[in-house]
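Notes follow the structure.
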Amino acid sequence: FCFLLFLLPVCIFCEGECQGDKETCFLESLDSEERLSEAFNANAVPYKIYPDFLKPTKQSYPKDVTLCTQGSIDRLERLRDQALSWHGSLSVALYLAPKDVEGSNHDRTLALIRQLHSDIDALGQCRLTISLLYGVGNSEAKEEFDTLYPINALRNVAVRSAKTDLIMVIDVDFVPSENFWEFCVSEPMYTHLLHGATNEGRVWALVSLEVHDSFLPMPRHWSALPESLRNRSVVVAEAYLNPAAHEPVGVESWLATDEEAGPLSVGEGFEPLVLGARRRLPLYDERFRGYGWDKTTHALQLRALGLRYWLLPRCFVAARYH
C-alpha cells in the first residue's frame with residue numbers, strides 16, 4: 001500500500017511534512033521490491049521509554065476500564081479533552097520527538113506534561129498515568145523509517161501500563177461520548193463485558209466518527225447523531241480515505257437499536273478501535289511506524305485468535321478530522 005500513498009495530496013506517514021516533495025520524502029525511495037521488503041521486514045526500535053512517568057495520586061476504582069491512548073506533545077490539549085471526558089483510569093504514552101528535547105526544550109516539554117497531569121489529577125475523576133517514549137533522531141537511526149512516528153510502540157507502552165482487566169484502545173484525537181465510562185462500569189454491564197471479553201472471546205469495535213468542519217461542536221451524545229450523519233457534518237472515521245476501516249460497524253443499524261449487536265461480519269480491511277480484555281488482546285506490531293493502516297495486523301490477529309466483534313449500544317468516540 002505504500003505506493004498508493006503517493007496518490008494522496010498529503011503523505012500520511014510524514015504528516016505532510018514533506019509537502020509532497022518526492023525528493024525529500026523517503027517513501028519515494030521505496031521504489032523497488034528490495035527496498036519495500038526492507039521496510040516491511042524492519043525490526044522494532046529500542047526506544048528510550050519511561051513507563052509510569054507520572055501516576056495518579058488517587059486509588060483506582062474497584063470496577064474500571066482503562067482508556068489506553070497515545071499522542072505527541074502537540075496533542076496535549078487533545079489529551080486534556082480526552083481526560084475530562086473519561087472518569088476512570090487513563091494510560092497515555094506520549095511521544096517526545098528529538099526537537100522536543102533539544103537543549104532547554106526538554107525542561108519546557110516536561111513542565112507542560114507535569115502541569116497537565118497536575119490539572120487532571122486535582123479534579124479527582126480521571127486516574128491519569130503518563131508514560132514517555134523518546135523518538136530516534138536521524139543520527140541514531142539505523143534505517144530511514146526508524147525516525148517515523150512509532151504509533152504501535154506507543155500503543156503497547158500505554159497498554160502495558162494499564163492495570164485493569166478491561167481496556168479500551170483509542171488515539172488521542174478521539175473523545176469518548178458522554179457517560180461512556182459510566183455505562184461500562186455500571187451493573188450488570190460491567191460483569192457482562194468482563195465475562196464476554198474473558199470467557200467468550202468478545203471484543204467490542206468502537207463506533208468511530210469524525211467532524212470535518214472546525215467550527216462545528218464535537219458530538220457528545222448519540223441522540224444528536226442521526227441529523228449530523230444525514231447532513232454529513234459528522235461522518236464515519238476515515239470514510240473518505242479508508243472506508244473499510246470503520247464503516248462495517250453499520251452506523252444506521254447501530255442507531256436504530258439500544259441493544260448490543262453482534263457478532264459482526266467484517267472484511268479484511270476492518271481495523272477498528274477496540275474495547276476488550278487486557279490479557280486476551282494481543283499487542284500491536286511495533287515494526288510499523290508512521291500513519292495509515294497501522295491497526296491492520298492487529299485486527300488480523302484478533303480474527304486469527306477467534307475473537308469476535310460486537311457493538312456497544314449508544315456509545316461512540318469522535319474526533320476532528322486529523
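Ligands are numbered from 1 in the order shown, residues from 1 within each chain, and chains are lettered A, B, ... in the order they appear in the C-alpha cells.
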
Using only C-alpha atoms, which protein or nucleic acid residues come within 7 Å of segment 41-55 of chain A? Drop anything in the same chain fewer than 2 positions from it, and give the result as a list in words.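 Final neighbour list, sorted by chain and number: Ser37, Glu38, Ala39, Thr57, Leu128, Thr129, Ile130, Ser131, Leu132, Leu133, Tyr134, Gly135, Asp146, Ser161, Glu286 and Arg287 of chain A.
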
Would you output that residue set with N, CA, C and O atoms, as a PDB file, in the first residue's frame?
ATOM      1  N   SER A  37      10.739  -4.451   0.689  1.00  0.00           N
ATOM      2  CA  SER A  37      10.922  -5.586   1.584  1.00  0.00           C
ATOM      3  C   SER A  37      11.679  -5.167   2.843  1.00  0.00           C
ATOM      4  O   SER A  37      11.372  -5.610   3.952  1.00  0.00           O
ATOM      5  N   GLU A  38      12.672  -4.299   2.676  1.00  0.00           N
ATOM      6  CA  GLU A  38      13.416  -3.805   3.839  1.00  0.00           C
ATOM      7  C   GLU A  38      12.491  -3.092   4.817  1.00  0.00           C
ATOM      8  O   GLU A  38      12.607  -3.258   6.027  1.00  0.00           O
ATOM      9  N   ALA A  39      11.586  -2.287   4.289  1.00  0.00           N
ATOM     10  CA  ALA A  39      10.658  -1.549   5.143  1.00  0.00           C
ATOM     11  C   ALA A  39       9.737  -2.496   5.893  1.00  0.00           C
ATOM     12  O   ALA A  39       9.515  -2.362   7.104  1.00  0.00           O
ATOM     13  N   THR A  57      -2.575  10.212  41.927  1.00  0.00           N
ATOM     14  CA  THR A  57      -2.416  10.191  43.384  1.00  0.00           C
ATOM     15  C   THR A  57      -3.566   9.466  44.070  1.00  0.00           C
ATOM     16  O   THR A  57      -3.455   9.108  45.244  1.00  0.00           O
ATOM     17  N   LEU A 128      -5.055   9.449  35.775  1.00  0.00           N
ATOM     18  CA  LEU A 128      -4.183   9.584  34.617  1.00  0.00           C
ATOM     19  C   LEU A 128      -2.768   9.096  34.896  1.00  0.00           C
ATOM     20  O   LEU A 128      -2.107   9.564  35.824  1.00  0.00           O
ATOM     21  N   THR A 129      -2.314   8.147  34.082  1.00  0.00           N
ATOM     22  CA  THR A 129      -0.932   7.672  34.102  1.00  0.00           C
ATOM     23  C   THR A 129      -0.268   8.082  32.795  1.00  0.00           C
ATOM     24  O   THR A 129      -0.794   7.804  31.707  1.00  0.00           O
ATOM     25  N   ILE A 130       0.882   8.741  32.892  1.00  0.00           N
ATOM     26  CA  ILE A 130       1.603   9.206  31.705  1.00  0.00           C
ATOM     27  C   ILE A 130       2.943   8.481  31.599  1.00  0.00           C
ATOM     28  O   ILE A 130       3.747   8.495  32.539  1.00  0.00           O
ATOM     29  N   SER A 131       3.173   7.844  30.456  1.00  0.00           N
ATOM     30  CA  SER A 131       4.461   7.235  30.144  1.00  0.00           C
ATOM     31  C   SER A 131       5.094   8.022  28.997  1.00  0.00           C
ATOM     32  O   SER A 131       4.393   8.672  28.215  1.00  0.00           O
ATOM     33  N   LEU A 132       6.405   7.958  28.911  1.00  0.00           N
ATOM     34  CA  LEU A 132       7.129   8.708  27.884  1.00  0.00           C
ATOM     35  C   LEU A 132       7.913   7.772  26.976  1.00  0.00           C
ATOM     36  O   LEU A 132       8.491   6.775  27.436  1.00  0.00           O
ATOM     37  N   LEU A 133       7.928   8.101  25.700  1.00  0.00           N
ATOM     38  CA  LEU A 133       8.762   7.396  24.729  1.00  0.00           C
ATOM     39  C   LEU A 133       9.542   8.443  23.945  1.00  0.00           C
ATOM     40  O   LEU A 133       8.951   9.359  23.377  1.00  0.00           O
ATOM     41  N   TYR A 134      10.878   8.308  23.951  1.00  0.00           N
ATOM     42  CA  TYR A 134      11.744   9.264  23.260  1.00  0.00           C
ATOM     43  C   TYR A 134      12.033   8.770  21.846  1.00  0.00           C
ATOM     44  O   TYR A 134      12.482   7.632  21.651  1.00  0.00           O
ATOM     45  N   GLY A 135      11.770   9.630  20.878  1.00  0.00           N
ATOM     46  CA  GLY A 135      11.973   9.274  19.487  1.00  0.00           C
ATOM     47  C   GLY A 135      13.438   9.174  19.106  1.00  0.00           C
ATOM     48  O   GLY A 135      14.331   9.621  19.831  1.00  0.00           O
ATOM     49  N   ASP A 146      13.154   4.437  10.786  1.00  0.00           N
ATOM     50  CA  ASP A 146      13.208   4.386  12.250  1.00  0.00           C
ATOM     51  C   ASP A 146      12.810   5.724  12.880  1.00  0.00           C
ATOM     52  O   ASP A 146      12.485   5.782  14.063  1.00  0.00           O
ATOM     53  N   SER A 161       0.994  -0.329  30.691  1.00  0.00           N
ATOM     54  CA  SER A 161       0.841   0.409  31.941  1.00  0.00           C
ATOM     55  C   SER A 161      -0.565   0.305  32.520  1.00  0.00           C
ATOM     56  O   SER A 161      -0.810   0.766  33.634  1.00  0.00           O
ATOM     57  N   GLU A 286       5.015  -3.524  16.433  1.00  0.00           N
ATOM     58  CA  GLU A 286       5.857  -2.332  16.583  1.00  0.00           C
ATOM     59  C   GLU A 286       6.753  -2.075  15.377  1.00  0.00           C
ATOM     60  O   GLU A 286       7.378  -1.015  15.285  1.00  0.00           O
ATOM     61  N   ARG A 287       6.813  -3.013  14.460  1.00  0.00           N
ATOM     62  CA  ARG A 287       7.613  -2.771  13.251  1.00  0.00           C
ATOM     63  C   ARG A 287       6.985  -1.688  12.387  1.00  0.00           C
ATOM     64  O   ARG A 287       7.664  -1.055  11.583  1.00  0.00           O
TER      65      ARG A 287
END

Within segment 96-322 of chain A, find each residue whose DSSP state, derived from the backbone, is helix (DSSP H, G or I), and express the selection as a PyMOL selection string. chain A and resi 98-101+105-123+144-147+151-160+180-185+189-199+222-230+243-245+247-249+251-255+296-304

Please identify all polymer residues within 10 Å of Ala261 of chain A, counting only C-alpha atoms, omitting same-chain residues fewer than 4 positions from it, and present them as a VMD selection string. chain A and resid 204 249 253 to 254 257 309 to 313

Report the distance between atom CA of Ser177 of chain A and atom CA of Asp74 of chain A in Å, rounded to one decimal place.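 Atom CA of Ser177 of chain A sits 22.8 Å away from atom CA of Asp74 of chain A.
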
Using DSSP on the backbone, list every residue of segment 60-239 of chain A that comes out as strand (DSSP E or B), and give them as an mmCIF file with N, CA, C and O atoms, in the first residue's frame.
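Output file out.cif follows:
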data_model
loop_
_atom_site.group_PDB
_atom_site.id
_atom_site.type_symbol
_atom_site.label_atom_id
_atom_site.label_comp_id
_atom_site.auth_asym_id
_atom_site.auth_seq_id
_atom_site.Cartn_x
_atom_site.Cartn_y
_atom_site.Cartn_z
ATOM 1 N N VAL A 65 -12.456 0.554 33.648
ATOM 2 C CA VAL A 65 -11.964 0.274 32.303
ATOM 3 C C VAL A 65 -10.911 1.328 32.005
ATOM 4 O O VAL A 65 -11.176 2.523 32.129
ATOM 5 N N THR A 66 -9.719 0.886 31.646
ATOM 6 C CA THR A 66 -8.639 1.831 31.348
ATOM 7 C C THR A 66 -8.678 2.218 29.885
ATOM 8 O O THR A 66 -8.656 1.363 28.991
ATOM 9 N N LEU A 67 -8.741 3.507 29.648
ATOM 10 C CA LEU A 67 -8.611 4.035 28.298
ATOM 11 C C LEU A 67 -7.126 4.146 27.991
ATOM 12 O O LEU A 67 -6.389 4.841 28.696
ATOM 13 N N CYS A 68 -6.654 3.431 26.974
ATOM 14 C CA CYS A 68 -5.242 3.444 26.582
ATOM 15 C C CYS A 68 -5.097 4.275 25.313
ATOM 16 O O CYS A 68 -5.761 4.005 24.304
ATOM 17 N N THR A 69 -4.217 5.263 25.354
ATOM 18 C CA THR A 69 -4.111 6.192 24.240
ATOM 19 C C THR A 69 -2.662 6.601 24.024
ATOM 20 O O THR A 69 -1.789 6.308 24.853
ATOM 21 N N GLN A 70 -2.407 7.271 22.938
ATOM 22 C CA GLN A 70 -1.045 7.730 22.614
ATOM 23 C C GLN A 70 -1.132 9.000 21.797
ATOM 24 O O GLN A 70 -2.116 9.260 21.113
ATOM 25 N N GLY A 71 -0.070 9.809 21.895
ATOM 26 C CA GLY A 71 -0.044 11.046 21.127
ATOM 27 C C GLY A 71 1.295 11.739 21.259
ATOM 28 O O GLY A 71 2.160 11.341 22.040
ATOM 29 N N SER A 72 1.458 12.805 20.513
ATOM 30 C CA SER A 72 2.676 13.611 20.554
ATOM 31 C C SER A 72 2.435 14.850 21.414
ATOM 32 O O SER A 72 1.308 15.137 21.824
ATOM 33 N N SER A 89 -9.712 5.182 34.720
ATOM 34 C CA SER A 89 -8.265 5.185 34.512
ATOM 35 C C SER A 89 -7.938 5.482 33.054
ATOM 36 O O SER A 89 -8.639 5.029 32.142
ATOM 37 N N LEU A 90 -6.875 6.237 32.854
ATOM 38 C CA LEU A 90 -6.410 6.584 31.512
ATOM 39 C C LEU A 90 -4.902 6.431 31.482
ATOM 40 O O LEU A 90 -4.188 7.040 32.274
ATOM 41 N N SER A 91 -4.416 5.599 30.579
ATOM 42 C CA SER A 91 -2.983 5.382 30.402
ATOM 43 C C SER A 91 -2.570 5.928 29.047
ATOM 44 O O SER A 91 -3.056 5.469 28.011
ATOM 45 N N VAL A 92 -1.682 6.922 29.065
ATOM 46 C CA VAL A 92 -1.241 7.535 27.816
ATOM 47 C C VAL A 92 0.268 7.395 27.666
ATOM 48 O O VAL A 92 1.014 7.530 28.631
ATOM 49 N N ALA A 93 0.699 7.094 26.445
ATOM 50 C CA ALA A 93 2.118 7.106 26.092
ATOM 51 C C ALA A 93 2.356 8.324 25.214
ATOM 52 O O ALA A 93 1.758 8.449 24.148
ATOM 53 N N LEU A 94 3.201 9.224 25.681
ATOM 54 C CA LEU A 94 3.498 10.446 24.949
ATOM 55 C C LEU A 94 4.827 10.318 24.204
ATOM 56 O O LEU A 94 5.817 9.839 24.753
ATOM 57 N N TYR A 95 4.811 10.770 22.957
ATOM 58 C CA TYR A 95 5.985 10.725 22.101
ATOM 59 C C TYR A 95 6.741 12.039 22.208
ATOM 60 O O TYR A 95 6.185 13.115 21.961
ATOM 61 N N LEU A 96 8.024 11.954 22.588
ATOM 62 C CA LEU A 96 8.894 13.116 22.618
ATOM 63 C C LEU A 96 9.827 13.031 21.417
ATOM 64 O O LEU A 96 10.746 12.212 21.380
ATOM 65 N N ARG A 127 -8.144 8.978 36.443
ATOM 66 C CA ARG A 127 -6.890 8.485 37.033
ATOM 67 C C ARG A 127 -5.857 8.393 35.916
ATOM 68 O O ARG A 127 -5.787 7.408 35.196
ATOM 69 N N LEU A 128 -5.055 9.449 35.775
ATOM 70 C CA LEU A 128 -4.183 9.584 34.617
ATOM 71 C C LEU A 128 -2.768 9.096 34.896
ATOM 72 O O LEU A 128 -2.107 9.564 35.824
ATOM 73 N N THR A 129 -2.314 8.147 34.082
ATOM 74 C CA THR A 129 -0.932 7.672 34.102
ATOM 75 C C THR A 129 -0.268 8.082 32.795
ATOM 76 O O THR A 129 -0.794 7.804 31.707
ATOM 77 N N ILE A 130 0.882 8.741 32.892
ATOM 78 C CA ILE A 130 1.603 9.206 31.705
ATOM 79 C C ILE A 130 2.943 8.481 31.599
ATOM 80 O O ILE A 130 3.747 8.495 32.539
ATOM 81 N N SER A 131 3.173 7.844 30.456
ATOM 82 C CA SER A 131 4.461 7.235 30.144
ATOM 83 C C SER A 131 5.094 8.022 28.997
ATOM 84 O O SER A 131 4.393 8.672 28.215
ATOM 85 N N LEU A 132 6.405 7.958 28.911
ATOM 86 C CA LEU A 132 7.129 8.708 27.884
ATOM 87 C C LEU A 132 7.913 7.772 26.976
ATOM 88 O O LEU A 132 8.491 6.775 27.436
ATOM 89 N N LEU A 133 7.928 8.101 25.700
ATOM 90 C CA LEU A 133 8.762 7.396 24.729
ATOM 91 C C LEU A 133 9.542 8.443 23.945
ATOM 92 O O LEU A 133 8.951 9.359 23.377
ATOM 93 N N TYR A 134 10.878 8.308 23.951
ATOM 94 C CA TYR A 134 11.744 9.264 23.260
ATOM 95 C C TYR A 134 12.033 8.770 21.846
ATOM 96 O O TYR A 134 12.482 7.632 21.651
ATOM 97 N N LEU A 166 -10.187 -4.765 31.908
ATOM 98 C CA LEU A 166 -10.735 -4.291 30.647
ATOM 99 C C LEU A 166 -10.013 -3.027 30.202
ATOM 100 O O LEU A 166 -9.727 -2.149 31.026
ATOM 101 N N ILE A 167 -9.708 -2.952 28.919
ATOM 102 C CA ILE A 167 -9.061 -1.761 28.368
ATOM 103 C C ILE A 167 -9.782 -1.334 27.096
ATOM 104 O O ILE A 167 -10.419 -2.147 26.424
ATOM 105 N N MET A 168 -9.657 -0.054 26.774
ATOM 106 C CA MET A 168 -10.194 0.487 25.533
ATOM 107 C C MET A 168 -9.067 1.256 24.858
ATOM 108 O O MET A 168 -8.514 2.190 25.452
ATOM 109 N N VAL A 169 -8.691 0.853 23.650
ATOM 110 C CA VAL A 169 -7.536 1.422 22.959
ATOM 111 C C VAL A 169 -8.021 2.384 21.870
ATOM 112 O O VAL A 169 -8.661 1.964 20.900
ATOM 113 N N VAL A 175 -12.491 11.555 21.366
ATOM 114 C CA VAL A 175 -13.113 11.842 22.658
ATOM 115 C C VAL A 175 -14.282 10.882 22.852
ATOM 116 O O VAL A 175 -15.148 10.771 21.971
ATOM 117 N N PRO A 176 -14.341 10.170 23.977
ATOM 118 C CA PRO A 176 -15.471 9.260 24.219
ATOM 119 C C PRO A 176 -16.771 10.038 24.393
ATOM 120 O O PRO A 176 -16.781 11.179 24.870
ATOM 121 N N ARG A 202 -15.069 -12.117 23.189
ATOM 122 C CA ARG A 202 -15.697 -10.937 22.589
ATOM 123 C C ARG A 202 -14.750 -9.740 22.655
ATOM 124 O O ARG A 202 -14.013 -9.556 23.615
ATOM 125 N N VAL A 203 -14.796 -8.938 21.619
ATOM 126 C CA VAL A 203 -14.107 -7.646 21.592
ATOM 127 C C VAL A 203 -15.082 -6.662 20.967
ATOM 128 O O VAL A 203 -15.784 -6.995 20.011
ATOM 129 N N TRP A 204 -15.164 -5.470 21.536
ATOM 130 C CA TRP A 204 -16.152 -4.506 21.076
ATOM 131 C C TRP A 204 -15.491 -3.483 20.160
ATOM 132 O O TRP A 204 -14.580 -2.760 20.579
ATOM 133 N N ALA A 205 -15.932 -3.459 18.916
ATOM 134 C CA ALA A 205 -15.475 -2.451 17.966
ATOM 135 C C ALA A 205 -16.170 -1.136 18.306
ATOM 136 O O ALA A 205 -17.376 -1.113 18.543
ATOM 137 N N VAL A 207 -17.721 2.447 17.594
ATOM 138 C CA VAL A 207 -18.259 3.310 16.547
ATOM 139 C C VAL A 207 -17.426 4.590 16.566
ATOM 140 O O VAL A 207 -17.425 5.335 17.554
ATOM 141 N N SER A 208 -16.685 4.839 15.504
ATOM 142 C CA SER A 208 -15.720 5.943 15.444
ATOM 143 C C SER A 208 -16.149 6.945 14.382
ATOM 144 O O SER A 208 -16.346 6.582 13.218
ATOM 145 N N LEU A 209 -16.273 8.203 14.791
ATOM 146 C CA LEU A 209 -16.816 9.244 13.931
ATOM 147 C C LEU A 209 -15.834 10.403 13.797
ATOM 148 O O LEU A 209 -14.930 10.565 14.622
ATOM 149 N N GLU A 210 -16.040 11.229 12.756
ATOM 150 C CA GLU A 210 -15.190 12.391 12.506
ATOM 151 C C GLU A 210 -16.035 13.619 12.215
ATOM 152 O O GLU A 210 -17.083 13.523 11.566
ATOM 153 N N VAL A 211 -15.540 14.758 12.687
ATOM 154 C CA VAL A 211 -16.115 16.057 12.360
ATOM 155 C C VAL A 211 -15.111 16.776 11.462
ATOM 156 O O VAL A 211 -13.953 16.939 11.841
ATOM 157 N N VAL A 234 -21.123 15.113 10.393
ATOM 158 C CA VAL A 234 -20.397 14.034 11.064
ATOM 159 C C VAL A 234 -20.382 12.848 10.113
ATOM 160 O O VAL A 234 -21.403 12.520 9.505
ATOM 161 N N VAL A 235 -19.208 12.219 9.978
ATOM 162 C CA VAL A 235 -19.089 11.042 9.114
ATOM 163 C C VAL A 235 -18.361 9.944 9.878
ATOM 164 O O VAL A 235 -17.733 10.192 10.913
ATOM 165 N N VAL A 236 -18.458 8.736 9.366
ATOM 166 C CA VAL A 236 -17.685 7.632 9.936
ATOM 167 C C VAL A 236 -16.201 7.921 9.733
ATOM 168 O O VAL A 236 -15.790 8.420 8.689
#

How far is it from atom CA of Cys315 of chain A to atom CA of Leu273 of chain A, in Å with one decimal?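 Computed distance, atom CA of Cys315 of chain A to atom CA of Leu273 of chain A, equals 12.6 Å.
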
Can you tell me which residues surround Asp173 of chain A at a distance of at most 10 Å, considering only C-alpha atoms, apart from same-chain residues fewer than 2 positions away, and format the answer as JSON, numbers by chain? {"A": [69, 70, 71, 75, 76, 77, 78, 79, 81, 82, 170, 171, 175, 210, 317, 318, 319, 320, 321, 322]}

Compile the contact shell of Arg314 of chain A as a VMD selection string: residues with an atom at most 9 Å away, counting only C-alpha atoms, same-chain residues fewer than 3 positions apart removed. chain A and resid 177 180 221 to 223 254 to 255 257 to 259

So how many Å separate atom CA of Asn231 of chain A and atom CA of Gly267 of chain A, to one decimal?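 So the two atoms, atom CA of Asn231 of chain A and atom CA of Gly267 of chain A, lie 27.3 Å apart.
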